[in-house]
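Q: Just my_file-v5.csv, nothing more (CSV, C-alpha atoms):
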chain,number,residue,atom,x,y,z
Y,5,MET,CA,214.7,59.0,206.1
Y,6,LYS,CA,215.4,57.5,202.7
Y,7,LYS,CA,214.4,54.1,203.9
Y,8,ILE,CA,211.2,55.5,205.3
Y,9,VAL,CA,210.1,57.2,202.1
Y,10,PRO,CA,209.4,54.1,200.0
Y,11,ILE,CA,207.4,52.6,202.9
Y,12,VAL,CA,205.4,55.8,203.2
Y,13,LEU,CA,204.8,55.7,199.4
Y,14,VAL,CA,203.8,52.1,199.6
Y,15,LEU,CA,201.3,52.9,202.3
Y,16,VAL,CA,200.0,55.9,200.4
Y,17,VAL,CA,199.6,53.8,197.2
Y,18,LEU,CA,198.1,50.8,199.2
Y,19,GLY,CA,195.8,53.1,201.0
Y,20,GLY,CA,194.7,54.7,197.8
Y,21,ALA,CA,194.0,51.3,196.3
Y,22,LEU,CA,192.0,50.1,199.3
Y,23,PHE,CA,190.0,53.3,199.2
Y,24,ALA,CA,189.3,52.9,195.5
Y,25,GLN,CA,188.3,49.3,196.1
Y,26,ALA,CA,186.0,50.3,199.0
Y,27,ALA,CA,184.5,53.0,196.8
Y,28,LYS,CA,183.9,50.5,194.0
Y,29,GLU,CA,182.2,48.1,196.4
Y,30,VAL,CA,179.9,50.9,197.7
Y,31,ALA,CA,179.1,51.8,194.1
Y,32,THR,CA,178.3,48.2,193.3
Y,33,ALA,CA,176.0,47.9,196.3
Y,34,ASP,CA,174.3,51.2,195.5
Y,35,PHE,CA,171.6,50.4,192.8
Y,36,HIS,CA,168.0,51.1,192.1
Y,37,ILE,CA,165.1,48.9,191.1
Y,38,GLY,CA,162.1,50.4,189.2
Y,39,ILE,CA,158.6,49.1,189.7
Y,40,VAL,CA,155.7,50.2,187.4
Y,41,THR,CA,152.1,49.2,188.3
Y,42,GLY,CA,148.5,50.4,187.7
Y,43,THR,CA,146.9,52.7,190.2
Y,44,VAL,CA,144.8,51.8,193.3
Y,45,SER,CA,141.6,52.1,191.2
Y,46,GLN,CA,142.7,49.6,188.6
Y,47,SER,CA,145.3,47.3,190.2
Y,48,GLU,CA,145.4,47.8,193.9
Y,49,ASP,CA,147.1,44.4,194.7
Y,50,ASP,CA,149.9,45.1,192.2
Y,51,LEU,CA,150.5,48.5,193.8
Y,52,ARG,CA,150.5,47.1,197.3
Y,53,GLY,CA,153.3,44.8,196.3
Y,54,ALA,CA,155.4,47.8,195.3
Y,55,GLU,CA,154.6,49.4,198.7
Y,56,GLU,CA,155.8,46.2,200.4
Y,57,MET,CA,159.2,46.5,198.6
Y,58,ILE,CA,159.5,50.1,199.6
Y,59,ALA,CA,158.8,49.1,203.2
Y,60,ARG,CA,161.6,46.6,202.9
Y,61,TYR,CA,164.2,48.5,200.9
Y,62,GLY,CA,163.2,52.1,201.1
Y,63,SER,CA,162.2,54.5,198.3
Y,64,VAL,CA,164.8,56.2,196.0
Y,65,SER,CA,163.6,59.6,197.2
Y,66,SER,CA,164.7,58.7,200.8
Y,67,GLY,CA,167.9,57.0,199.8
Y,68,GLY,CA,166.5,53.5,199.3
Y,69,LYS,CA,166.5,51.1,196.4
Y,70,ILE,CA,162.9,51.2,195.0
Y,71,GLN,CA,161.5,53.7,192.5
Y,72,HIS,CA,157.7,53.2,192.0
Y,73,VAL,CA,155.6,54.8,189.3
Y,74,THR,CA,152.2,54.1,187.9
Y,75,TYR,CA,150.8,54.1,184.4
Y,76,PRO,CA,147.4,55.7,183.5
Y,77,ASP,CA,144.1,54.1,184.3
Y,78,ASN,CA,143.1,54.4,180.7
Y,79,PHE,CA,146.3,52.9,179.3
Y,80,MET,CA,144.6,51.8,176.1
Y,81,GLU,CA,144.0,55.4,175.1
Y,82,GLU,CA,147.2,56.8,176.7
Y,83,ALA,CA,149.8,54.4,175.2
Y,84,GLU,CA,152.5,57.1,174.8
Y,85,THR,CA,152.2,58.1,178.4
Y,86,THR,CA,152.5,54.5,179.5
Y,87,ILE,CA,155.6,54.0,177.3
Y,88,SER,CA,157.1,57.3,178.7
Y,89,VAL,CA,156.5,56.3,182.3
Y,90,ILE,CA,158.2,52.9,181.9
Y,91,SER,CA,161.1,54.0,179.7
Y,92,GLY,CA,161.8,57.1,181.8
Y,93,LEU,CA,163.1,55.0,184.6
Y,94,ALA,CA,166.2,54.3,182.6
Y,95,ASP,CA,167.2,57.9,182.9
Y,96,ASP,CA,168.4,57.0,186.4
Y,97,PRO,CA,172.1,55.9,186.0
Y,98,LEU,CA,171.8,53.6,189.1
Y,99,MET,CA,168.7,51.8,187.7
Y,100,LYS,CA,169.5,48.1,187.3
Y,101,ALA,CA,166.1,46.6,186.6
Y,102,ILE,CA,162.6,47.6,185.6
Y,103,ILE,CA,159.6,45.5,186.6
Y,104,VAL,CA,156.2,46.2,185.1
Y,105,ASN,CA,153.1,44.5,186.6
Y,106,GLN,CA,150.7,44.2,184.9
Y,107,SER,CA,152.5,44.6,181.6
Y,108,VAL,CA,149.8,46.3,179.7
Y,109,PRO,CA,150.0,47.1,175.9
Y,110,GLY,CA,152.9,49.5,175.4
Y,111,THR,CA,155.3,47.6,177.6
Y,112,THR,CA,157.1,46.0,174.7
Y,113,GLU,CA,157.8,49.3,173.0
Y,114,ALA,CA,158.9,50.8,176.4
Y,115,PHE,CA,161.4,48.0,177.0
Y,116,ARG,CA,162.8,48.4,173.5
Y,117,LYS,CA,163.4,52.1,174.2
Y,118,VAL,CA,165.1,51.2,177.5
Y,119,LYS,CA,167.3,48.6,175.8
Y,120,GLU,CA,168.3,51.1,173.0
Y,121,ARG,CA,169.8,53.4,175.7
Y,122,ARG,CA,170.5,51.1,178.6
Y,123,PRO,CA,171.1,47.5,177.4
Y,124,ASP,CA,172.4,46.8,180.9
Y,125,VAL,CA,169.0,47.3,182.6
Y,126,LEU,CA,167.0,44.2,183.2
Y,127,CYS,CA,163.5,44.4,181.8
Y,128,ILE,CA,161.0,42.1,183.6
Y,129,ALA,CA,157.3,41.8,182.6
Y,130,GLY,CA,154.8,40.6,185.1
Y,131,GLU,CA,151.4,39.4,183.8
Y,132,ALA,CA,152.0,40.4,180.2
Y,133,HIS,CA,148.9,41.5,178.2
Y,134,GLU,CA,150.7,41.5,174.9
Y,135,ASP,CA,151.0,38.4,172.8
Y,136,PRO,CA,153.8,36.1,174.0
Y,137,GLY,CA,156.0,36.3,170.9
Y,138,VAL,CA,155.8,40.1,171.1
Y,139,ILE,CA,156.7,40.7,174.8
Y,140,GLN,CA,159.3,37.9,174.7
Y,141,SER,CA,161.2,39.8,172.0
Y,142,ALA,CA,161.8,42.8,174.3
Y,143,ALA,CA,161.8,41.5,177.9
Y,144,ASP,CA,164.6,39.6,179.6
Y,145,LEU,CA,162.0,37.7,181.6
Y,146,VAL,CA,158.2,37.4,181.3
Y,147,ILE,CA,155.9,36.0,183.9
Y,148,ASN,CA,152.2,35.1,183.4
Y,149,ASN,CA,149.7,33.2,185.4
Y,150,ASP,CA,149.7,29.8,183.9
Y,151,PHE,CA,146.8,30.2,181.5
Y,152,VAL,CA,147.6,26.8,180.0
Y,153,ALA,CA,147.7,24.6,183.1
Y,154,ARG,CA,144.9,26.7,184.8
Y,155,GLY,CA,142.7,26.2,181.8
Y,156,TYR,CA,142.8,22.5,182.7
Y,157,LEU,CA,143.1,22.7,186.5
Y,158,ILE,CA,140.2,25.2,187.1
Y,159,ILE,CA,137.8,22.8,185.2
Y,160,LYS,CA,139.2,19.7,186.9
Y,161,THR,CA,138.7,21.4,190.3
Y,162,ALA,CA,135.1,22.3,189.4
Y,163,ARG,CA,134.4,18.7,188.3
Y,164,ASP,CA,135.9,17.3,191.5
Y,165,LEU,CA,133.5,19.5,193.4
Y,166,GLY,CA,130.6,18.1,191.4
Y,167,VAL,CA,130.0,21.0,188.9
Y,168,ASP,CA,128.5,20.0,185.6
Y,169,THR,CA,128.4,23.3,183.7
Y,170,PHE,CA,131.1,26.0,183.3
Y,171,VAL,CA,130.2,29.6,182.2
Y,172,HIS,CA,133.1,31.7,180.8
Y,173,ILE,CA,132.2,35.5,180.8
Y,174,SER,CA,134.3,37.9,178.8
Y,175,PHE,CA,134.3,40.5,175.9
Y,176,PRO,CA,136.0,41.0,172.5
Y,177,ARG,CA,139.0,43.0,173.7
Y,178,HIS,CA,140.0,40.3,176.2
Y,179,MET,CA,139.3,37.5,173.7
Y,180,GLY,CA,141.7,39.2,171.4
Y,181,TYR,CA,144.6,38.4,173.8
Y,182,GLU,CA,146.2,35.2,172.9
Y,183,THR,CA,146.7,34.2,176.6
Y,184,LEU,CA,143.0,34.6,177.4
Y,185,SER,CA,141.6,33.1,174.3
Y,186,ARG,CA,143.9,30.1,174.5
Y,187,ARG,CA,142.9,29.5,178.2
Y,188,ALA,CA,139.3,29.6,177.2
Y,189,ALA,CA,139.9,27.1,174.4
Y,190,ILE,CA,141.7,24.8,176.9
Y,191,MET,CA,138.8,25.2,179.3
Y,192,GLU,CA,136.3,24.2,176.6
Y,193,ALA,CA,138.4,21.2,175.5
Y,194,THR,CA,138.7,20.0,179.1
Y,195,CYS,CA,135.0,20.3,179.7
Y,196,LYS,CA,134.4,18.2,176.6
Y,197,ASP,CA,136.8,15.6,177.8
Y,198,PHE,CA,135.1,15.5,181.3
Y,199,GLY,CA,131.6,15.4,179.9
Y,200,MET,CA,130.8,18.9,181.2
Y,201,THR,CA,128.9,21.7,179.4
Y,202,PHE,CA,130.9,24.8,178.5
Y,203,VAL,CA,129.2,28.1,177.8
Y,204,TYR,CA,130.5,31.4,176.5
Y,205,GLU,CA,128.6,34.5,177.8
Y,206,SER,CA,129.5,38.1,177.1
Y,207,ALA,CA,129.5,41.2,179.3
Y,208,PRO,CA,130.4,44.9,178.6
Y,209,ASP,CA,134.1,45.9,178.6
Y,210,PRO,CA,134.7,48.2,181.6
Y,211,THR,CA,137.0,50.4,179.5
Y,212,SER,CA,134.1,51.0,177.0
Y,213,ASP,CA,131.5,53.8,177.2
Y,214,VAL,CA,129.5,52.1,179.9
Y,215,GLY,CA,132.5,52.3,182.2
Y,216,ILE,CA,133.1,50.1,185.3
Y,217,ALA,CA,129.7,51.0,186.9
Y,218,GLY,CA,127.8,49.9,183.8
Y,219,ALA,CA,129.7,46.7,183.4
Y,220,GLN,CA,129.2,45.8,187.0
Y,221,GLN,CA,125.5,46.6,186.8
Y,222,TYR,CA,125.2,44.3,183.9
Y,223,ILE,CA,126.6,41.4,185.9
Y,224,LEU,CA,124.3,42.1,188.8
Y,225,GLU,CA,121.3,41.9,186.6
Y,226,LYS,CA,122.3,38.9,184.5
Y,227,VAL,CA,123.5,36.4,187.2
Y,228,PRO,CA,120.0,35.6,188.5
Y,229,ALA,CA,118.9,34.8,184.9
Y,230,TRP,CA,122.0,32.7,184.3
Y,231,ILE,CA,121.4,30.7,187.5
Y,232,ASP,CA,117.8,30.0,186.3
Y,233,LYS,CA,119.1,29.0,182.9
Y,234,TYR,CA,122.1,26.9,183.9
Y,235,GLY,CA,121.2,25.7,187.4
Y,236,LYS,CA,123.0,26.0,190.7
Y,237,ASN,CA,125.5,23.3,189.8
Y,238,THR,CA,127.4,25.7,187.6
Y,239,ALA,CA,130.7,27.4,188.0
Y,240,TYR,CA,131.3,30.9,186.7
Y,241,PHE,CA,134.5,32.6,185.5
Y,242,VAL,CA,135.1,36.2,184.4
Y,243,THR,CA,138.3,37.5,182.7
Y,244,ASN,CA,138.0,41.0,184.1
Y,245,ASP,CA,138.7,42.2,187.7
Y,246,ALA,CA,135.8,44.7,187.7
Y,247,HIS,CA,133.3,41.9,187.0
Y,248,THR,CA,134.4,39.8,189.9
Y,249,GLU,CA,132.8,41.6,192.8
Y,250,PRO,CA,129.2,41.7,191.4
Y,251,LEU,CA,129.5,38.1,190.3
Y,252,LEU,CA,130.5,36.9,193.7
Y,253,LYS,CA,127.8,39.0,195.4
Y,254,GLN,CA,125.1,37.4,193.2
Y,255,LEU,CA,126.5,33.9,193.4
Y,256,LEU,CA,126.4,34.1,197.2
Y,257,ALA,CA,122.7,35.2,197.0
Y,258,TYR,CA,121.5,32.9,194.2
Y,259,GLY,CA,123.8,29.9,194.2
Y,260,GLY,CA,126.6,28.6,191.9
Y,261,TYR,CA,130.3,28.1,192.2
Y,262,PHE,CA,133.4,30.3,191.8
Y,263,ILE,CA,136.7,28.4,191.6
Y,264,GLU,CA,139.0,31.3,191.4
Y,265,ALA,CA,139.5,34.7,189.8
Y,266,ASP,CA,141.3,35.5,186.6
Y,267,LEU,CA,144.1,36.9,188.8
Y,268,PRO,CA,143.3,35.2,192.1
Y,269,SER,CA,143.5,36.9,195.5
Y,270,PRO,CA,141.4,36.9,198.7
Y,271,LEU,CA,141.1,40.6,198.1
Y,272,MET,CA,139.8,40.2,194.5
Y,273,GLY,CA,136.1,41.0,194.7
Y,274,TYR,CA,135.5,39.3,198.1
Y,275,PRO,CA,135.7,42.3,200.5
Y,276,GLY,CA,133.2,44.3,198.5
Y,277,ALA,CA,130.9,41.4,197.8
Y,278,LEU,CA,130.9,40.5,201.5
Y,279,GLY,CA,130.9,44.0,202.9
Y,280,LEU,CA,134.1,43.4,204.8
Y,281,ASP,CA,136.4,46.0,206.4
Y,282,LEU,CA,139.9,44.5,206.1
Y,283,SER,CA,141.9,47.6,207.2
Y,284,ALA,CA,143.0,46.0,210.4
Y,285,GLU,CA,144.3,43.0,208.4
Y,286,ALA,CA,146.0,45.0,205.7
Y,287,GLY,CA,149.2,43.2,204.4
Y,288,ASP,CA,148.5,40.1,206.4
Y,289,PHE,CA,147.2,37.6,203.9
Y,290,SER,CA,146.7,34.8,206.4
Y,291,ALA,CA,144.5,37.0,208.5
Y,292,ILE,CA,142.7,38.3,205.3
Y,293,LEU,CA,142.0,34.8,204.1
Y,294,LYS,CA,140.7,33.7,207.5
Y,295,LYS,CA,138.3,36.6,207.7
Y,296,VAL,CA,137.0,36.2,204.1
Y,297,GLU,CA,136.6,32.4,204.6
Y,298,SER,CA,134.7,32.9,207.8
Y,299,ALA,CA,132.3,35.3,206.1
Y,300,ILE,CA,131.8,32.9,203.1
Y,301,VAL,CA,131.1,29.9,205.4
Y,302,SER,CA,128.6,31.9,207.5
Y,303,LYS,CA,126.7,32.7,204.3
Y,304,GLY,CA,126.5,29.0,203.3
Y,305,GLY,CA,129.3,29.2,200.7
Y,306,ALA,CA,131.6,26.6,202.1
Y,307,GLY,CA,133.1,24.5,199.3
Y,308,ARG,CA,131.8,26.7,196.5
Y,309,PHE,CA,134.1,29.7,196.5
Y,310,GLY,CA,137.8,29.7,195.9
Y,311,THR,CA,140.9,31.8,195.5
Y,312,TRP,CA,144.7,31.7,195.9
Y,313,ALA,CA,145.6,32.1,199.5
Y,314,TYR,CA,148.0,35.0,198.6
Y,315,SER,CA,147.3,37.7,196.1
Y,316,TYR,CA,148.8,37.0,192.7
Y,317,GLY,CA,149.1,40.7,191.9
Y,318,PHE,CA,150.8,41.6,195.2
Y,319,THR,CA,153.1,38.6,195.1
Y,320,THR,CA,154.1,39.1,191.4
Y,321,THR,CA,155.2,42.7,192.0
Y,322,ALA,CA,157.1,41.9,195.2
Y,323,ALA,CA,158.6,38.6,194.0
Y,324,LEU,CA,159.9,40.0,190.7
Y,325,ALA,CA,161.4,43.0,192.4
Y,326,GLN,CA,163.1,40.6,194.9
Y,327,HIS,CA,164.2,38.3,192.1
Y,328,ALA,CA,165.8,41.3,190.4
Y,329,ILE,CA,167.6,42.4,193.6
Y,330,ASN,CA,168.8,38.8,194.1
Y,331,ILE,CA,170.2,38.8,190.5
Y,332,VAL,CA,172.0,42.2,190.9
Y,333,GLU,CA,173.5,41.0,194.2
Y,334,GLY,CA,174.7,37.7,192.5
Y,335,LYS,CA,172.4,35.5,194.6
Y,336,SER,CA,170.1,34.2,191.8
Y,337,GLU,CA,170.1,33.6,188.0
Y,338,LEU,CA,167.6,35.4,185.8
Y,339,LEU,CA,166.1,32.4,184.0
Y,340,LYS,CA,166.6,29.6,186.7
Y,341,LEU,CA,163.1,28.4,187.5
Y,342,SER,CA,164.0,27.4,191.1
Y,343,ASP,CA,165.4,30.9,191.8
Y,344,ILE,CA,162.2,32.5,190.4
Y,345,MET,CA,160.0,30.1,192.6
Y,346,LYS,CA,162.2,30.9,195.6
Y,347,ALA,CA,161.4,34.6,195.2
Y,348,PHE,CA,157.7,33.9,194.9
Y,349,GLY,CA,157.8,31.5,197.9
Y,350,GLU,CA,159.3,34.2,200.1
Y,351,PHE,CA,156.0,36.1,200.0
Y,352,THR,CA,153.6,33.1,200.2
Y,353,PRO,CA,154.5,30.9,203.2
Y,354,GLY,CA,152.5,27.7,203.3
Y,355,ALA,CA,151.2,27.9,199.7
Y,356,GLU,CA,152.7,25.7,196.9
Y,357,TRP,CA,153.5,27.0,193.4
Y,358,ASN,CA,154.2,25.2,190.2
Y,359,GLY,CA,155.0,26.3,186.7
Y,360,SER,CA,156.9,25.8,183.5
Y,361,PHE,CA,158.3,27.7,180.5
Y,362,TYR,CA,155.8,28.8,177.9
Y,363,THR,CA,155.3,26.5,174.9
Y,364,ASP,CA,154.1,27.9,171.6
Y,365,SER,CA,151.0,26.1,170.5
Y,366,GLU,CA,151.8,26.5,166.8
Y,367,THR,CA,155.4,25.3,166.8
Y,368,GLY,CA,155.7,23.3,170.1
Y,369,VAL,CA,158.8,25.3,170.8
Y,370,ARG,CA,159.5,26.2,174.5
Y,371,ALA,CA,160.4,29.8,175.2
Y,372,ARG,CA,163.6,30.4,177.1
Y,373,ASN,CA,162.5,33.7,178.9
Y,374,HIS,CA,158.8,33.2,179.5
Y,375,VAL,CA,157.6,31.4,182.6
Y,376,LEU,CA,154.0,30.4,183.5
Y,377,ILE,CA,153.2,30.0,187.2
Y,378,TYR,CA,150.3,29.1,189.4
Y,379,GLN,CA,149.5,28.8,193.1
Y,380,ASP,CA,147.5,26.1,194.8
Y,381,THR,CA,143.7,26.7,194.6
Y,382,TYR,CA,142.1,27.3,198.1
Y,383,MET,CA,138.4,26.5,198.4
Y,384,MET,CA,136.8,28.4,201.4
Y,385,GLY,CA,135.7,25.9,204.0
Y,386,LYS,CA,137.5,23.1,202.3
Y,387,GLY,CA,141.2,24.0,202.1
Y,388,PHE,CA,143.9,23.6,199.5
Y,389,MET,CA,143.0,21.5,196.4
Y,390,LYS,CA,146.6,20.3,195.8
Y,391,THR,CA,146.6,21.5,192.2
Y,392,PRO,CA,150.4,21.9,191.9
Y,393,GLU,CA,150.6,18.1,192.3
Y,394,VAL,CA,148.2,17.4,189.4
Y,395,VAL,CA,149.9,16.3,186.2
Y,396,VAL,CA,148.3,18.3,183.3
Y,397,PRO,CA,148.0,16.0,180.2
Y,398,GLU,CA,150.5,17.1,177.5
Y,399,LYS,CA,147.9,17.5,174.9
Y,400,TYR,CA,146.4,20.6,176.5
Y,401,PHE,CA,149.7,22.5,176.1
Y,402,LEU,CA,149.1,22.4,172.3
Y,403,VAL,CA,145.4,23.5,172.4
Y,404,LYS,CA,144.9,26.8,170.6
Go ahead and express the file in the form of C-alpha cells.
A:
Amino acid sequence: MKKIVPIVLVLVVLGGALFAQAAKEVATADFHIGIVTGTVSQSEDDLRGAEEMIARYGSVSSGGKIQHVTYPDNFMEEAETTISVISGLADDPLMKAIIVNQSVPGTTEAFRKVKERRPDVLCIAGEAHEDPGVIQSAADLVINNDFVARGYLIIKTARDLGVDTFVHISFPRHMGYETLSRRAAIMEATCKDFGMTFVYESAPDPTSDVGIAGAQQYILEKVPAWIDKYGKNTAYFVTNDAHTEPLLKQLLAYGGYFIEADLPSPLMGYPGALGLDLSAEAGDFSAILKKVESAIVSKGGAGRFGTWAYSYGFTTTAALAQHAINIVEGKSELLKLSDIMKAFGEFTPGAEWNGSFYTDSETGVRARNHVLIYQDTYMMGKGFMKTPEVVVPEKYFLVK
C-alpha cells in the first residue's frame, strides 16, 4: 500500500493540474465582444453588420460572444447617454473589445472611461466623426473611409466618365469635421487639376429643426434647378445619408451622375429612390446589387450611377468585430494592415480594397493606429472601375 500511495497522490495532483489547465483554457476561450451602432432609422447598414456577427457567434444573452447596443438617434444632444452606452460595456468582466460604428462625437470620451477602468479592453472606432488627432488619442484602432484617396478617386472616376462639373452638397456641421472638409478640399484641388468645375452647394442639416423630412424635401425641390444651372454632364455628391435618396430619385428623373455615396452601399438611397422591395434579398449583397443595377439600367441610368458592391457600414461593423475576435484568439495583429484587410475581405468576396495609414496634413506624420480604407467603385451597367489599382499622387495627401 505504501508504494501505491505516492502514485495515487501523483495522479491526484496531475489530475488537478490537468483540470486547472482545462479550466484555464475554457476561461481563455470564453470572451465577449461589444458592438455599438446607431439605430435602424439612422444607421441601418451598421446595425445589420452587428446582426450578422450575432448570427455567426451568438448573443451574450444566449451564451454567445456578441453584445450589441445602440446609441441615441439624436446623439449630438444626448452625448452623456452615448458615452454611458459605450463605456457601460466594460462592466462585463468577459468583455475583450468594444467596436463603435459609426464613432459619433462622444466616442473618445467613452473610450477614455473604458481605459481608466479596463485598460485590457480593445477600443476600436469605425468611421470616426471626431477629429483624427482626438480619436487617435483614445482608440487602439481607428478606421475611416479613405477621405483622402477618395477625394481624388471620385473626381477621377467622374472625369473618366466624361463629367465636366462636380457639385458637393453639405452643411456647416459636416464641414466642421476635419475628415469631410479635407475630402472636399481634395475634390476641389483635383477638379482644378483636371480642368473641371467644382461647386459647393448647401442643404439643411437633417438634425436641425427642419428634420429629415424637411432636408429631403429641400433636395427634391433643388435638384431640377441645379440640373438646369449646371447641365446634365454634372456629378453630385452629398455628405449626409438622408440626402442621398431624394438626390438619386431626382437625378434618375432629370439627368446627372452619382459616382458613389459618402458611405457607399447598394442599400444607400437606392431602394427608396427606385421603389424596390429587397426583403427577399436581405443580407445577400450580390443579389441586392444585381436587383438595384437592373432597375437603374431599365431607367436609363447605366454608366451614371455608382456604389460599392458591398455596404461600407455593414462591412465595417462585421469586419472590425471579426478582426477583434481574430486578435483575441491570437490569429491576427491589431495594427497589421494585411490582417485588417483580411477581415474586411471576408465579408466582400470579389471586391477589392485598398488603404493606408492616416497622414497628418499639417505635419506629414503618419499615424500608427488610424487606417483609411476604400473599396472599388462599381458603376451600374459598367462594372468595377479598378480604383484600388490607381496610384493617388502624393501631393493630395497633404491638401488641407
Q: Could you list, as an mmCIF file with C-alpha atoms, keeping the file's coordinate frame, every residue within 12 Å of Y:Asp96, counting only C-alpha atoms and ignoring same-chain residues fewer than 5 positions away?
A:
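Saved as out.cif:
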data_model
loop_
_atom_site.group_PDB
_atom_site.id
_atom_site.type_symbol
_atom_site.label_atom_id
_atom_site.label_comp_id
_atom_site.auth_asym_id
_atom_site.auth_seq_id
_atom_site.Cartn_x
_atom_site.Cartn_y
_atom_site.Cartn_z
ATOM 1 C CA PHE Y 35 171.600 50.400 192.800
ATOM 2 C CA HIS Y 36 168.000 51.100 192.100
ATOM 3 C CA ILE Y 37 165.100 48.900 191.100
ATOM 4 C CA GLY Y 38 162.100 50.400 189.200
ATOM 5 C CA VAL Y 64 164.800 56.200 196.000
ATOM 6 C CA LYS Y 69 166.500 51.100 196.400
ATOM 7 C CA ILE Y 70 162.900 51.200 195.000
ATOM 8 C CA GLN Y 71 161.500 53.700 192.500
ATOM 9 C CA ILE Y 90 158.200 52.900 181.900
ATOM 10 C CA SER Y 91 161.100 54.000 179.700
ATOM 11 C CA ALA Y 101 166.100 46.600 186.600
ATOM 12 C CA ILE Y 102 162.600 47.600 185.600
ATOM 13 C CA VAL Y 118 165.100 51.200 177.500
ATOM 14 C CA ARG Y 121 169.800 53.400 175.700
ATOM 15 C CA ARG Y 122 170.500 51.100 178.600
ATOM 16 C CA VAL Y 125 169.000 47.300 182.600
#
Q: I'd like the contact shell of Y:Ala347 - 8 Å cut-off, only C-alpha atoms, skipping same-chain residues fewer than 6 positions apart - returned as an mmCIF file with C-alpha atoms, keeping the file's coordinate frame.
A:
data_model
loop_
_atom_site.group_PDB
_atom_site.id
_atom_site.type_symbol
_atom_site.label_atom_id
_atom_site.label_comp_id
_atom_site.auth_asym_id
_atom_site.auth_seq_id
_atom_site.Cartn_x
_atom_site.Cartn_y
_atom_site.Cartn_z
ATOM 1 C CA ALA Y 323 158.600 38.600 194.000
ATOM 2 C CA LEU Y 324 159.900 40.000 190.700
ATOM 3 C CA GLN Y 326 163.100 40.600 194.900
ATOM 4 C CA HIS Y 327 164.200 38.300 192.100
#
Q: Which residues are close to stretch 77-81 of chain Y, i.e. within 9 Å by all atoms listed in the file, leaving aside same-chain residues fewer than 2 positions away? Reply as a list of chain:residue names.
A: Y:Gly42, Y:Thr43, Y:Ser45, Y:Gln46, Y:Thr74, Y:Tyr75, Y:Ala83, Y:Glu84, Y:Thr85, Y:Thr86, Y:Val108, Y:Pro109, Y:Gly110, Y:Thr211
Q: Give me the residues within 6 Å of Y:Asp150 as a ChimeraX atom specification, counting all atoms listed in the file and dropping any in the same chain fewer than 3 places off.
A: /Y:153-154,376-378
Q: Rounded to one decimal place, report the atom CA of Y:Val375-atom CA of Y:Glu48 distance in Å.
A: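 These atoms are spaced 23.4 Å apart.
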Q: Which neighbours of Y:Gly310 fall inside 12 Å, counting all atoms listed in the file, when residues of the same chain fewer than 5 positions from it are skipped, and could you give them as a VMD selection string?
A: chain Y and resid 158 161 to 162 165 239 to 241 252 260 to 274 293 296 to 297 300 to 301 305 380 to 389
Q: Give me, please, the distance in Å between atom CA of Y:Thr112 and atom CA of Y:Phe351, quoted to one decimal.
A: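 Atom CA of Y:Thr112 sits 27.2 Å away from atom CA of Y:Phe351.
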Q: Would you mind reading off the distance between atom CA of Y:Leu278 and atom CA of Y:Lys303, one decimal, in Å?
A: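 Result for atom CA of Y:Leu278 versus atom CA of Y:Lys303: 9.3 Å, one decimal.
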Q: Calculated over all atoms listed in the file, which of the candidates Y:Ala371, Y:Met345, Y:Ala277, Y:Ala246 has the smallest distance to Y:Ser47?
A: Y:Ala246
Q: Which one is closest to Y:His72: Y:Ile39, Y:Arg308, Y:Val89, Y:Asp49? Count all atoms listed in the file.
A: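 The closest residue to Y:His72 is Y:Ile39.
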Q: Calculated over only C-alpha atoms, which of the candidates Y:Met57, Y:Ile231, Y:Leu341, Y:Met99 has the smallest distance to Y:Phe170?
A: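 Closest candidate: Y:Ile231.
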Q: Taking all atoms listed in the file into account, which of Y:Tyr234, Y:Asn149, Y:Gly218, Y:Ala143 comes nearest Y:Gly359?
A: Y:Asn149
Q: With only C-alpha atoms as the basis for distance, which of Y:Asp168, Y:Glu285, Y:Asp213, Y:Asp50 is at the shortest distance from Y:Cys195?
A: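 Among the listed residues, Y:Asp168 lies closest to Y:Cys195.
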Q: Using all atoms listed in the file, find the one residue out of Y:Gly334, Y:Gly166, Y:Thr111, Y:Lys226 that sits nearest to Y:Gln140.
A: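 Closest residue, counting all atoms listed in the file: Y:Thr111.
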Q: Assuming the input is short of atoms at stretch 115-124 of chain Y, produce N, CA and C atoms for that part as a tab-separated table (two decimals), in the coordinates of the input.
A:
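The file below, selection.tsv, is the result:
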chain	number	residue	atom	x	y	z
Y	115	PHE	N	160.14	48.76	176.71
Y	115	PHE	CA	161.40	48.00	177.00
Y	115	PHE	C	162.35	48.13	175.82
Y	116	ARG	N	161.85	48.23	174.59
Y	116	ARG	CA	162.80	48.40	173.50
Y	116	ARG	C	163.49	49.76	173.58
Y	117	LYS	N	162.77	50.78	174.00
Y	117	LYS	CA	163.40	52.10	174.20
Y	117	LYS	C	164.43	52.04	175.31
Y	118	VAL	N	164.12	51.31	176.37
Y	118	VAL	CA	165.10	51.20	177.50
Y	118	VAL	C	166.34	50.49	176.97
Y	119	LYS	N	166.20	49.40	176.22
Y	119	LYS	CA	167.30	48.60	175.80
Y	119	LYS	C	168.21	49.40	174.76
Y	120	GLU	N	167.57	50.30	173.99
Y	120	GLU	CA	168.30	51.10	173.00
Y	120	GLU	C	169.34	52.00	173.77
Y	121	ARG	N	168.93	52.51	174.92
Y	121	ARG	CA	169.80	53.40	175.70
Y	121	ARG	C	170.56	52.74	176.78
Y	122	ARG	N	169.94	51.74	177.40
Y	122	ARG	CA	170.50	51.10	178.60
Y	122	ARG	C	170.41	49.56	178.45
Y	123	PRO	N	171.21	48.94	177.59
Y	123	PRO	CA	171.10	47.50	177.40
Y	123	PRO	C	171.44	46.72	178.72
Y	124	ASP	N	172.06	47.40	179.68
Y	124	ASP	CA	172.40	46.80	180.90
Y	124	ASP	C	171.25	46.62	181.90
